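Text of the file my_file35.csv, holding CSV, C-alpha atoms:
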```
chain,number,residue,atom,x,y,z
U,1,MET,CA,0.0,0.0,0.0
U,2,TYR,CA,1.4,3.4,-1.0
U,3,GLN,CA,2.3,5.8,1.7
U,4,THR,CA,2.8,9.5,1.1
U,5,ASN,CA,6.4,9.5,2.1
U,6,MET,CA,7.4,6.8,-0.4
U,7,TYR,CA,9.3,7.4,-3.6
U,8,GLU,CA,7.4,6.7,-6.7
U,9,GLY,CA,8.2,6.9,-10.4
U,10,MET,CA,7.8,5.0,-13.6
U,11,LEU,CA,9.0,4.9,-17.1
U,12,ALA,CA,6.6,4.2,-19.9
U,13,GLU,CA,7.5,4.0,-23.6
U,14,THR,CA,6.9,2.1,-26.9
U,15,VAL,CA,9.3,-0.8,-27.4
U,16,THR,CA,9.6,-3.6,-29.9
U,17,HIS,CA,9.9,-7.3,-29.4
U,18,ARG,CA,9.6,-10.5,-31.3
U,19,GLY,CA,6.1,-11.9,-31.7
U,20,ALA,CA,4.5,-14.8,-33.6
U,21,ASN,CA,6.7,-16.3,-36.3
U,22,GLY,CA,9.6,-14.3,-35.0
U,23,GLU,CA,8.1,-11.1,-36.5
U,24,VAL,CA,8.8,-7.8,-34.7
U,25,ILE,CA,5.8,-6.0,-33.3
U,26,ASN,CA,5.6,-3.0,-31.0
U,27,ALA,CA,4.3,-2.8,-27.5
U,28,TYR,CA,3.8,-0.3,-24.7
U,29,PHE,CA,6.0,-1.0,-21.7
U,30,ALA,CA,5.5,0.7,-18.3
U,31,ARG,CA,7.6,-0.2,-15.3
U,32,PRO,CA,8.2,1.3,-11.9
U,33,LEU,CA,11.5,3.0,-11.3
U,34,GLY,CA,13.7,1.6,-8.5
U,35,ALA,CA,15.7,-1.5,-8.0
U,36,GLY,CA,12.9,-4.0,-7.7
U,37,PRO,CA,12.6,-6.9,-8.2
U,38,PHE,CA,9.1,-6.4,-9.6
U,39,PRO,CA,6.5,-8.9,-10.8
U,40,GLY,CA,5.6,-8.7,-14.5
U,41,ILE,CA,2.2,-8.7,-16.3
U,42,VAL,CA,1.2,-8.9,-19.9
U,43,VAL,CA,-1.7,-6.6,-20.6
U,44,ILE,CA,-3.9,-7.7,-23.5
U,45,HIS,CA,-5.8,-5.0,-25.2
U,46,HIS,CA,-9.5,-5.3,-26.0
U,47,ALA,CA,-11.1,-5.8,-29.4
U,48,PRO,CA,-11.5,-2.0,-30.1
U,49,GLY,CA,-7.8,-1.8,-30.3
U,50,TRP,CA,-4.5,-0.8,-28.7
U,51,ASP,CA,-5.9,2.5,-27.5
U,52,GLU,CA,-5.5,5.2,-24.9
U,53,TRP,CA,-7.4,3.3,-22.3
U,54,TYR,CA,-5.0,0.4,-22.6
U,55,ARG,CA,-2.0,2.7,-22.3
U,56,GLU,CA,-3.5,4.1,-19.1
U,57,CYS,CA,-4.3,0.6,-17.9
U,58,THR,CA,-0.7,-0.5,-18.6
U,59,ARG,CA,0.6,2.5,-16.6
U,60,ARG,CA,-1.9,1.7,-13.8
U,61,PHE,CA,-0.2,-1.7,-13.4
U,62,ALA,CA,3.2,0.0,-13.3
U,63,HIS,CA,1.8,2.4,-10.7
U,64,HIS,CA,0.9,-0.6,-8.6
U,65,GLY,CA,4.3,-2.1,-8.8
U,66,TYR,CA,4.2,-4.3,-11.9
U,67,MET,CA,6.5,-4.3,-15.0
U,68,ALA,CA,3.6,-4.2,-17.5
U,69,ILE,CA,3.8,-4.7,-21.2
U,70,SER,CA,0.9,-4.4,-23.7
U,71,PRO,CA,1.7,-5.8,-27.1
U,72,ASN,CA,0.0,-4.3,-30.1
U,73,LEU,CA,-1.8,-7.4,-31.4
U,74,TYR,CA,-2.9,-5.4,-34.5
U,75,PHE,CA,0.6,-4.4,-35.5
U,76,ARG,CA,0.4,-6.4,-38.8
U,77,ASP,CA,-2.9,-4.7,-39.8
U,78,GLY,CA,-1.2,-1.4,-40.6
U,79,HIS,CA,-0.9,1.8,-38.7
U,80,GLY,CA,-3.2,4.7,-38.2
U,81,THR,CA,-5.4,5.8,-35.3
U,82,PRO,CA,-6.3,3.0,-33.0
U,83,GLU,CA,-9.9,3.3,-34.1
U,84,ASP,CA,-9.1,3.0,-37.8
U,85,VAL,CA,-6.8,0.0,-37.2
U,86,GLY,CA,-9.3,-1.6,-34.9
U,87,ALA,CA,-12.1,-1.1,-37.4
U,88,LYS,CA,-10.1,-2.9,-40.0
U,89,VAL,CA,-9.5,-5.8,-37.7
U,90,ARG,CA,-13.2,-5.9,-36.7
U,91,ALA,CA,-14.1,-6.1,-40.4
U,92,GLY,CA,-11.8,-9.0,-40.8
U,93,GLY,CA,-13.1,-11.1,-38.0
U,94,GLY,CA,-10.4,-10.4,-35.5
U,95,VAL,CA,-6.8,-11.7,-35.3
U,96,PRO,CA,-5.9,-15.4,-35.3
U,97,ASP,CA,-5.7,-17.0,-31.9
U,98,ASP,CA,-2.3,-18.7,-32.7
U,99,GLN,CA,-0.9,-15.4,-33.8
U,100,VAL,CA,-2.0,-13.7,-30.6
U,101,LEU,CA,-0.4,-16.5,-28.5
U,102,GLY,CA,2.8,-16.0,-30.4
U,103,ASP,CA,2.8,-12.3,-29.7
U,104,LEU,CA,2.0,-12.9,-26.0
U,105,ALA,CA,4.9,-15.4,-25.8
U,106,GLY,CA,7.1,-12.7,-27.2
U,107,ALA,CA,5.9,-10.2,-24.6
U,108,MET,CA,6.5,-12.7,-21.8
U,109,GLN,CA,10.0,-13.3,-23.1
U,110,PHE,CA,10.6,-9.6,-23.2
U,111,LEU,CA,9.6,-9.4,-19.5
U,112,ARG,CA,11.8,-12.4,-18.6
U,113,SER,CA,14.8,-10.6,-20.2
U,114,GLN,CA,14.4,-7.7,-17.6
U,115,SER,CA,17.0,-8.1,-14.9
U,116,ASN,CA,14.8,-6.8,-12.2
U,117,LEU,CA,11.8,-9.1,-12.8
U,118,ASN,CA,11.0,-11.1,-9.7
U,119,GLY,CA,10.5,-14.2,-11.9
U,120,LYS,CA,6.7,-14.1,-11.7
U,121,ILE,CA,4.4,-13.0,-14.6
U,122,GLY,CA,0.7,-12.6,-14.8
U,123,VAL,CA,-1.7,-11.9,-17.7
U,124,PHE,CA,-4.6,-9.6,-17.8
U,125,GLY,CA,-7.2,-8.7,-20.5
U,126,THR,CA,-10.7,-7.4,-21.1
U,127,CYS,CA,-13.3,-8.2,-23.7
U,128,SER,CA,-11.5,-10.2,-26.4
U,129,GLY,CA,-8.4,-9.6,-24.4
U,130,GLY,CA,-10.1,-11.4,-21.5
U,131,ARG,CA,-10.7,-14.3,-23.8
U,132,HIS,CA,-7.1,-14.2,-24.9
U,133,ALA,CA,-5.9,-14.1,-21.3
U,134,PHE,CA,-7.8,-17.2,-20.5
U,135,LEU,CA,-6.7,-18.9,-23.7
U,136,ALA,CA,-3.0,-18.0,-22.9
U,137,ALA,CA,-3.3,-19.3,-19.4
U,138,CYS,CA,-4.5,-22.6,-20.8
U,139,ARG,CA,-2.2,-23.0,-23.9
U,140,MET,CA,1.0,-21.3,-22.7
U,141,LYS,CA,3.3,-22.3,-19.8
U,142,GLY,CA,4.9,-19.6,-17.7
U,143,PHE,CA,2.0,-17.5,-16.4
U,144,ASP,CA,1.6,-17.5,-12.7
U,145,ALA,CA,-1.8,-15.8,-12.5
U,146,ALA,CA,-4.5,-14.7,-15.0
U,147,VAL,CA,-7.2,-12.1,-14.9
U,148,GLU,CA,-10.0,-12.5,-17.3
U,149,CYS,CA,-12.4,-9.5,-17.5
U,150,TRP,CA,-15.7,-10.3,-19.3
U,151,GLY,CA,-14.0,-12.5,-21.9
U,152,GLY,CA,-16.5,-12.8,-24.7
U,153,ARG,CA,-16.6,-16.0,-26.8
U,154,VAL,CA,-14.8,-18.2,-24.3
U,155,VAL,CA,-17.8,-20.3,-24.8
U,156,MET,CA,-18.4,-20.6,-28.5
U,157,PRO,CA,-21.1,-22.6,-30.4
U,158,LYS,CA,-19.7,-24.7,-33.2
U,159,GLN,CA,-21.1,-22.4,-35.9
U,160,ASP,CA,-19.1,-19.5,-34.5
U,161,LEU,CA,-15.7,-21.3,-34.9
U,162,THR,CA,-13.6,-19.9,-37.7
U,163,PRO,CA,-10.1,-20.6,-39.1
U,164,LYS,CA,-8.8,-17.7,-37.0
U,165,GLN,CA,-10.6,-19.0,-33.9
U,166,PRO,CA,-10.8,-22.8,-34.5
U,167,VAL,CA,-11.3,-24.0,-30.9
U,168,ALA,CA,-13.5,-22.5,-28.2
U,169,PRO,CA,-11.2,-21.5,-25.3
U,170,ILE,CA,-13.5,-23.3,-22.8
U,171,ASP,CA,-12.4,-26.6,-24.4
U,172,TYR,CA,-8.8,-26.0,-23.1
U,173,THR,CA,-10.0,-25.6,-19.5
U,174,LYS,CA,-8.3,-28.8,-18.4
U,175,ASP,CA,-4.9,-27.3,-19.4
U,176,LEU,CA,-5.3,-24.1,-17.3
U,177,SER,CA,-1.9,-23.7,-15.7
U,178,CYS,CA,-2.3,-20.9,-13.2
U,179,PRO,CA,-4.9,-19.4,-10.8
U,180,LEU,CA,-7.7,-17.4,-12.6
U,181,LEU,CA,-9.6,-14.4,-11.5
U,182,GLY,CA,-12.8,-13.7,-13.5
U,183,LEU,CA,-14.8,-10.5,-13.4
U,184,PHE,CA,-18.2,-10.3,-15.2
U,185,GLY,CA,-21.3,-8.1,-15.4
U,186,ASN,CA,-24.6,-9.8,-15.1
U,187,ASP,CA,-26.1,-7.6,-17.8
U,188,ASP,CA,-23.5,-8.6,-20.4
U,189,LYS,CA,-24.5,-10.1,-23.7
U,190,SER,CA,-21.1,-11.6,-24.5
U,191,PRO,CA,-20.5,-13.4,-22.2
U,192,THR,CA,-24.0,-13.9,-21.0
U,193,PRO,CA,-24.5,-15.0,-17.4
U,194,GLU,CA,-25.4,-18.5,-18.7
U,195,GLN,CA,-22.0,-18.6,-20.6
U,196,VAL,CA,-20.2,-17.6,-17.4
U,197,ASN,CA,-22.0,-20.4,-15.7
U,198,GLN,CA,-20.7,-22.9,-18.3
U,199,HIS,CA,-17.2,-21.4,-17.9
U,200,GLU,CA,-17.3,-21.8,-14.1
U,201,ALA,CA,-18.8,-25.3,-14.3
U,202,GLU,CA,-15.9,-26.4,-16.5
U,203,LEU,CA,-13.4,-24.9,-14.1
U,204,LYS,CA,-15.0,-26.8,-11.2
U,205,LYS,CA,-15.1,-30.0,-13.2
U,206,HIS,CA,-11.3,-29.9,-13.6
U,207,GLY,CA,-10.6,-28.7,-10.1
U,208,LYS,CA,-9.0,-25.5,-11.1
U,209,ASN,CA,-8.0,-22.7,-8.8
U,210,TYR,CA,-10.3,-19.8,-9.7
U,211,GLU,CA,-12.4,-17.0,-8.3
U,212,PHE,CA,-15.3,-15.4,-10.2
U,213,HIS,CA,-17.0,-12.2,-9.2
U,214,ARG,CA,-20.2,-11.3,-11.0
U,215,TYR,CA,-21.7,-7.8,-10.7
U,216,ASP,CA,-25.4,-6.8,-10.8
U,217,GLY,CA,-26.1,-3.5,-12.6
U,218,ALA,CA,-23.1,-3.9,-14.9
U,219,GLY,CA,-22.8,-5.1,-18.4
U,220,HIS,CA,-19.9,-5.5,-20.8
U,221,GLY,CA,-16.9,-3.2,-20.3
U,222,PHE,CA,-17.8,-1.7,-16.9
U,223,PHE,CA,-14.2,-0.5,-16.3
U,224,TYR,CA,-14.3,1.8,-19.3
U,225,TYR,CA,-14.8,5.2,-17.9
U,226,ASP,CA,-15.0,6.7,-21.4
U,227,ARG,CA,-18.0,4.6,-22.4
U,228,PRO,CA,-21.6,4.5,-21.1
U,229,ALA,CA,-20.9,1.0,-19.9
U,230,TYR,CA,-18.8,2.4,-17.0
U,231,ARG,CA,-20.1,1.5,-13.6
U,232,GLN,CA,-18.2,3.3,-10.9
U,233,GLU,CA,-19.0,1.1,-7.9
U,234,GLN,CA,-18.5,-2.2,-9.7
U,235,ALA,CA,-15.3,-1.0,-11.4
U,236,VAL,CA,-13.8,0.2,-8.1
U,237,ASP,CA,-14.6,-3.1,-6.5
U,238,GLY,CA,-13.3,-5.1,-9.5
U,239,TRP,CA,-9.9,-3.3,-9.4
U,240,LYS,CA,-9.8,-4.0,-5.6
U,241,LYS,CA,-10.3,-7.7,-6.4
U,242,ILE,CA,-7.4,-7.5,-8.9
U,243,TRP,CA,-5.0,-5.8,-6.5
U,244,ALA,CA,-5.9,-8.5,-3.9
U,245,PHE,CA,-5.6,-11.4,-6.2
U,246,LEU,CA,-2.3,-10.7,-8.1
U,247,PRO,CA,0.1,-10.3,-5.1
U,248,LYS,CA,-0.9,-13.7,-3.8
U,249,TYR,CA,0.6,-15.4,-6.9
U,250,LEU,CA,3.0,-12.9,-8.2
U,251,GLY,CA,4.5,-11.4,-5.0
U,252,GLN,CA,5.4,-7.8,-4.8
M,1,MET,CA,-14.3,-8.1,-31.7
M,2,CYS,CA,-16.7,-9.7,-29.3
M,3,THR,CA,-19.5,-10.7,-31.7
M,4,MET,CA,-17.3,-11.2,-34.8
M,5,ILE,CA,-20.4,-10.5,-36.9
M,6,ALA,CA,-19.0,-8.8,-40.0
M,7,ASN,CA,-19.3,-8.9,-43.7
M,8,GLN,CA,-17.1,-7.3,-46.3
M,9,THR,CA,-18.2,-6.4,-49.9
M,10,LEU,CA,-16.3,-4.8,-52.8
M,11,ILE,CA,-17.9,-1.7,-54.1
M,12,ASN,CA,-17.0,1.4,-56.1
M,13,GLY,CA,-17.6,5.0,-55.3
M,14,SER,CA,-16.1,7.9,-53.4
M,15,GLY,CA,-16.0,8.8,-49.7
M,16,LYS,CA,-15.0,11.9,-47.8
M,17,GLY,CA,-12.6,11.1,-45.0
M,18,THR,CA,-10.5,13.2,-42.7
M,19,ASP,CA,-8.1,14.0,-45.5
M,20,GLY,CA,-10.7,14.7,-48.1
M,21,TRP,CA,-12.2,12.6,-50.9
M,22,PHE,CA,-10.9,9.1,-51.7
M,23,GLU,CA,-11.9,6.2,-53.8
M,24,VAL,CA,-14.0,3.7,-51.8
M,25,ARG,CA,-13.3,0.2,-52.8
M,26,GLN,CA,-14.9,-1.8,-50.0
M,27,VAL,CA,-17.6,-1.6,-47.4
M,28,ASN,CA,-17.4,-3.4,-44.1
M,29,VAL,CA,-20.6,-4.0,-42.2
M,30,SER,CA,-20.5,-5.3,-38.7
M,31,TYR,CA,-22.8,-5.7,-35.7
M,32,ASP,CA,-20.3,-5.2,-32.9
M,33,HIS,CA,-18.8,-2.7,-30.5
M,34,PRO,CA,-19.0,0.9,-31.8
M,35,TYR,CA,-16.3,3.5,-31.0
M,36,HIS,CA,-18.5,6.5,-30.5
M,37,ALA,CA,-22.2,5.6,-30.4
M,38,PRO,CA,-23.3,5.1,-26.8
M,39,LEU,CA,-24.3,1.4,-27.3
M,40,GLU,CA,-22.8,-1.9,-26.4
M,41,HIS,CA,-23.3,-3.1,-30.0
M,42,ALA,CA,-24.2,-1.1,-33.1
M,43,LEU,CA,-24.6,-1.6,-36.8
M,44,ASN,CA,-21.3,-0.3,-38.0
M,45,ILE,CA,-20.6,0.6,-41.6
M,46,ASP,CA,-17.1,1.5,-42.8
M,47,PHE,CA,-16.5,2.6,-46.3
M,48,VAL,CA,-12.8,2.0,-46.9
M,49,ASN,CA,-9.9,1.7,-49.4
M,50,GLU,CA,-7.5,-0.8,-47.9
M,51,ALA,CA,-4.8,0.1,-50.4
M,52,GLU,CA,-4.7,3.6,-48.9
M,53,GLY,CA,-4.3,2.3,-45.3
M,54,PRO,CA,-6.5,2.1,-42.3
M,55,GLY,CA,-7.1,5.9,-42.3
M,56,ALA,CA,-9.0,5.8,-45.6
M,57,ARG,CA,-12.3,5.2,-43.8
M,58,VAL,CA,-15.7,6.8,-43.6
M,59,ALA,CA,-17.5,5.4,-40.6
M,60,VAL,CA,-21.0,5.4,-39.3
M,61,GLU,CA,-22.4,3.6,-36.2
M,62,LEU,CA,-26.2,3.2,-36.2
M,63,THR,CA,-28.8,1.9,-33.9
M,64,LEU,CA,-30.6,-1.2,-35.2
M,65,GLU,CA,-33.8,0.8,-36.0
M,66,SER,CA,-31.7,3.4,-37.8
M,67,ALA,CA,-29.9,0.7,-39.8
M,68,ARG,CA,-33.2,-0.8,-40.9
M,69,GLN,CA,-34.5,2.6,-41.9
M,70,LEU,CA,-31.4,3.2,-43.9
M,71,VAL,CA,-31.8,-0.1,-45.8
M,72,LYS,CA,-35.5,0.8,-46.6
M,73,THR,CA,-34.6,4.3,-47.7
M,74,ILE,CA,-31.8,3.1,-50.0
M,75,GLU,CA,-34.1,0.5,-51.5
M,76,ALA,CA,-36.9,3.1,-52.0
M,77,VAL,CA,-34.6,5.6,-53.6
M,78,LEU,CA,-33.1,3.0,-56.0
M,79,ALA,CA,-36.7,1.9,-56.9
M,80,ARG,CA,-37.7,5.4,-57.7
M,81,ALA,CA,-34.5,5.9,-59.7
M,82,GLY,CA,-35.3,2.7,-61.6
M,83,ALA,CA,-38.9,3.6,-62.2
M,84,GLY,CA,-38.0,7.1,-63.4
M,85,GLY,CA,-35.6,5.7,-66.0
M,86,TYR,CA,-32.5,7.1,-64.4
M,87,VAL,CA,-30.7,3.8,-63.9
M,88,ASP,CA,-29.0,2.9,-67.2
M,89,GLU,CA,-26.2,0.5,-68.3
M,90,ARG,CA,-23.8,3.4,-68.7
M,91,LEU,CA,-24.0,4.2,-65.0
M,92,LYS,CA,-23.6,0.6,-64.1
M,93,ALA,CA,-20.5,0.4,-66.3
M,94,GLU,CA,-19.1,3.5,-64.6
M,95,GLY,CA,-19.9,2.0,-61.2
```
Using structure tokens, write down the structure from this file.
Amino acid sequence: MYQTNMYEGMLAETVTHRGANGEVINAYFARPLGAGPFPGIVVIHHAPGWDEWYRECTRRFAHHGYMAISPNLYFRDGHGTPEDVGAKVRAGGGVPDDQVLGDLAGAMQFLRSQSNLNGKIGVFGTCSGGRHAFLAACRMKGFDAAVECWGGRVVMPKQDLTPKQPVAPIDYTKDLSCPLLGLFGNDDKSPTPEQVNQHEAELKKHGKNYEFHRYDGAGHGFFYYDRPAYRQEQAVDGWKKIWAFLPKYLGQ
Amino acid sequence: MCTMIANQTLINGSGKGTDGWFEVRQVNVSYDHPYHAPLEHALNIDFVNEAEGPGARVAVELTLESARQLVKTIEAVLARAGAGGYVDERLKAEG
């Protein structure tokens, strides 16, 4: 807990690292100043894109003592405003899951190369990024904690599977390799409360370490203060849940 | 995006974007998260030219009722144009 007589500082900047297929992508990297060691976290942006909210979110993790990196998952789709690039990706049906996992592996490797990492790395994401966070925690080794915020399409009917998203993430639940925190709004349409029930039932079935928190009066994206979906009370509580959950598994 | 409901169609025309007019080569229609409309999901239409980069885009984000009204209005206008003899092969060829 921050005290007013403590030193505080951070450095935040755009960096590059290797991603899927060894290709170079860019990323936003924010880390506390000081000797550390610090835990790391990979911050996965939402479907609307690698935008200002995600830069702020990345800095927020650094403010709370994490070396945070947010890879630009839309790097290969060209450059422009985050909205224009995001709209292009939206029209194309999103980015391929395997490519995302390759980019996240690169971000994880980037964190591991930092000399003042404490050895622990978490993963966080909202919306499609929440889905990616869960998928990464199942299909990749090396994450010590995962935070999935309203991950849409974790549960996917067969007709929604595409070459880019060929397997529903819920089908990988047995492979979940770290503790999972899930935050959901009960008015959400993707995921619906029923889909969250299915998600939770599968976690229970496989005996996974998880905690889900579901909020009444909140829908999709209730952290986004720049959207009508913002719900102050639920968002404040959700962040508290995150700050309580991560140190248990990542240290600080 | 969270719904992944999107269709793309090749078209011909012009659109006025932030840098002025450009040739529109494709329209992307989705029912997904909008950027500006205060809705969780909207009917989003992007007139684009991918060859000119992501910034060559004219975007609208509509409520469902507005989208349905737009479809009816376009159909009605095209029908009147056809009935009035204004739609000819020359225009089709130009298009």
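Among the candidates U:Met156, U:Ala137, U:Met67, U:Ala91, the one nearest to Pro191 (chain U) when counting all atoms listed in the file is U:Met156.
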I'd like a table as a Markdown table: residues in chain M with an atom no more than 6 Å from chain U, each row giving the shortest atom pair and its distance in Å to one decimal, only C-alpha atoms counted, sorted by chain and rising residue number.
```
| residue | atom | partner | partner_atom | distance |
| --- | --- | --- | --- | --- |
| M:Met1 | CA | U:Ala47 | CA | 4.6 |
| M:Cys2 | CA | U:Gly152 | CA | 5.6 |
| M:Met4 | CA | U:Gly93 | CA | 5.3 |
| M:Ala6 | CA | U:Ala91 | CA | 5.6 |
| M:Asn28 | CA | U:Ala91 | CA | 5.6 |
| M:Pro38 | CA | U:Pro228 | CA | 6.0 |
| M:Pro54 | CA | U:Asp84 | CA | 5.3 |
| M:Gly55 | CA | U:Asp84 | CA | 5.7 |
```
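The space between CA of Gly106 (chain U) and CA of His17 (chain U) spans 6.5 Å.
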Near region 67-69 of chain M, counting all atoms listed in the file, which residues have an atom at most 10 Å away, once you skip same-chain residues fewer than 6 positions from it, shown as a PyMOL selection string? chain M and resi 42-45+61+75
Could you save the residues just selected, with C-alpha atoms, as a PDB file, in the coordinates of the input?
```pdb
ATOM      1  CA  ALA M  42     -24.200  -1.100 -33.100  1.00  0.00           C
ATOM      2  CA  LEU M  43     -24.600  -1.600 -36.800  1.00  0.00           C
ATOM      3  CA  ASN M  44     -21.300  -0.300 -38.000  1.00  0.00           C
ATOM      4  CA  ILE M  45     -20.600   0.600 -41.600  1.00  0.00           C
ATOM      5  CA  GLU M  61     -22.400   3.600 -36.200  1.00  0.00           C
ATOM      6  CA  GLU M  75     -34.100   0.500 -51.500  1.00  0.00           C
TER       7      GLU M  75
END
```
Neighbour residues at most 8 Å from (7.7, 4.6, -13.1) (only C-alpha atoms) as a PyMOL selection string: chain U and resi 8-12+30-33+62-63
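Residues in contact with Glu23 (chain M) at 7 Å, where all atoms listed in the file are counted and same-chain residues fewer than 6 positions away are skipped, are listed as Gly13, Ser14, Gly15 and Asn49 of chain M.
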Missing atoms in region 14-31 of chain M: fill them in up to N, CA and C atoms and send the result as an mmCIF file, in the coordinates of the input.
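To be explicit, this is the file written out as rebuild-v1.cif:
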```cif
data_model
loop_
_atom_site.group_PDB
_atom_site.id
_atom_site.type_symbol
_atom_site.label_atom_id
_atom_site.label_comp_id
_atom_site.auth_asym_id
_atom_site.auth_seq_id
_atom_site.Cartn_x
_atom_site.Cartn_y
_atom_site.Cartn_z
ATOM 1 N N SER M 14 -17.015 6.971 -54.010
ATOM 2 C CA SER M 14 -16.100 7.900 -53.400
ATOM 3 C C SER M 14 -16.614 8.180 -51.933
ATOM 4 N N GLY M 15 -15.682 8.460 -51.063
ATOM 5 C CA GLY M 15 -16.000 8.800 -49.700
ATOM 6 C C GLY M 15 -15.197 9.957 -49.233
ATOM 7 N N LYS M 16 -15.742 10.745 -48.318
ATOM 8 C CA LYS M 16 -15.000 11.900 -47.800
ATOM 9 C C LYS M 16 -14.525 11.600 -46.398
ATOM 10 N N GLY M 17 -13.242 11.417 -46.263
ATOM 11 C CA GLY M 17 -12.600 11.100 -45.000
ATOM 12 C C GLY M 17 -11.984 12.340 -44.381
ATOM 13 N N THR M 18 -11.157 12.121 -43.387
ATOM 14 C CA THR M 18 -10.500 13.200 -42.700
ATOM 15 C C THR M 18 -9.562 14.017 -43.588
ATOM 16 N N ASP M 19 -9.013 13.333 -44.616
ATOM 17 C CA ASP M 19 -8.100 14.000 -45.500
ATOM 18 C C ASP M 19 -8.728 14.334 -46.867
ATOM 19 N N GLY M 20 -10.048 14.392 -46.897
ATOM 20 C CA GLY M 20 -10.700 14.700 -48.100
ATOM 21 C C GLY M 20 -11.261 13.462 -48.840
ATOM 22 N N TRP M 21 -11.602 13.647 -50.116
ATOM 23 C CA TRP M 21 -12.200 12.600 -50.900
ATOM 24 C C TRP M 21 -11.195 11.471 -51.211
ATOM 25 N N PHE M 22 -11.678 10.244 -51.209
ATOM 26 C CA PHE M 22 -10.900 9.100 -51.700
ATOM 27 C C PHE M 22 -11.777 8.097 -52.348
ATOM 28 N N GLU M 23 -11.172 7.245 -53.143
ATOM 29 C CA GLU M 23 -11.900 6.200 -53.800
ATOM 30 C C GLU M 23 -12.315 5.116 -52.807
ATOM 31 N N VAL M 24 -13.576 4.823 -52.726
ATOM 32 C CA VAL M 24 -14.000 3.700 -51.800
ATOM 33 C C VAL M 24 -14.044 2.445 -52.641
ATOM 34 N N ARG M 25 -13.394 1.442 -52.097
ATOM 35 C CA ARG M 25 -13.300 0.200 -52.800
ATOM 36 C C ARG M 25 -13.991 -0.978 -52.059
ATOM 37 N N GLN M 26 -14.350 -0.748 -50.812
ATOM 38 C CA GLN M 26 -14.900 -1.800 -50.000
ATOM 39 C C GLN M 26 -15.791 -1.260 -48.930
ATOM 40 N N VAL M 27 -16.848 -2.000 -48.592
ATOM 41 C CA VAL M 27 -17.600 -1.600 -47.400
ATOM 42 C C VAL M 27 -17.629 -2.751 -46.430
ATOM 43 N N ASN M 28 -17.382 -2.402 -45.188
ATOM 44 C CA ASN M 28 -17.400 -3.400 -44.100
ATOM 45 C C ASN M 28 -18.554 -3.102 -43.197
ATOM 46 N N VAL M 29 -19.376 -4.088 -43.045
ATOM 47 C CA VAL M 29 -20.600 -4.000 -42.200
ATOM 48 C C VAL M 29 -20.460 -4.918 -41.045
ATOM 49 N N SER M 30 -20.631 -4.399 -39.842
ATOM 50 C CA SER M 30 -20.500 -5.300 -38.700
ATOM 51 C C SER M 30 -21.607 -4.942 -37.664
ATOM 52 N N TYR M 31 -21.928 -5.907 -36.847
ATOM 53 C CA TYR M 31 -22.800 -5.700 -35.700
ATOM 54 C C TYR M 31 -21.894 -6.004 -34.473
#
```
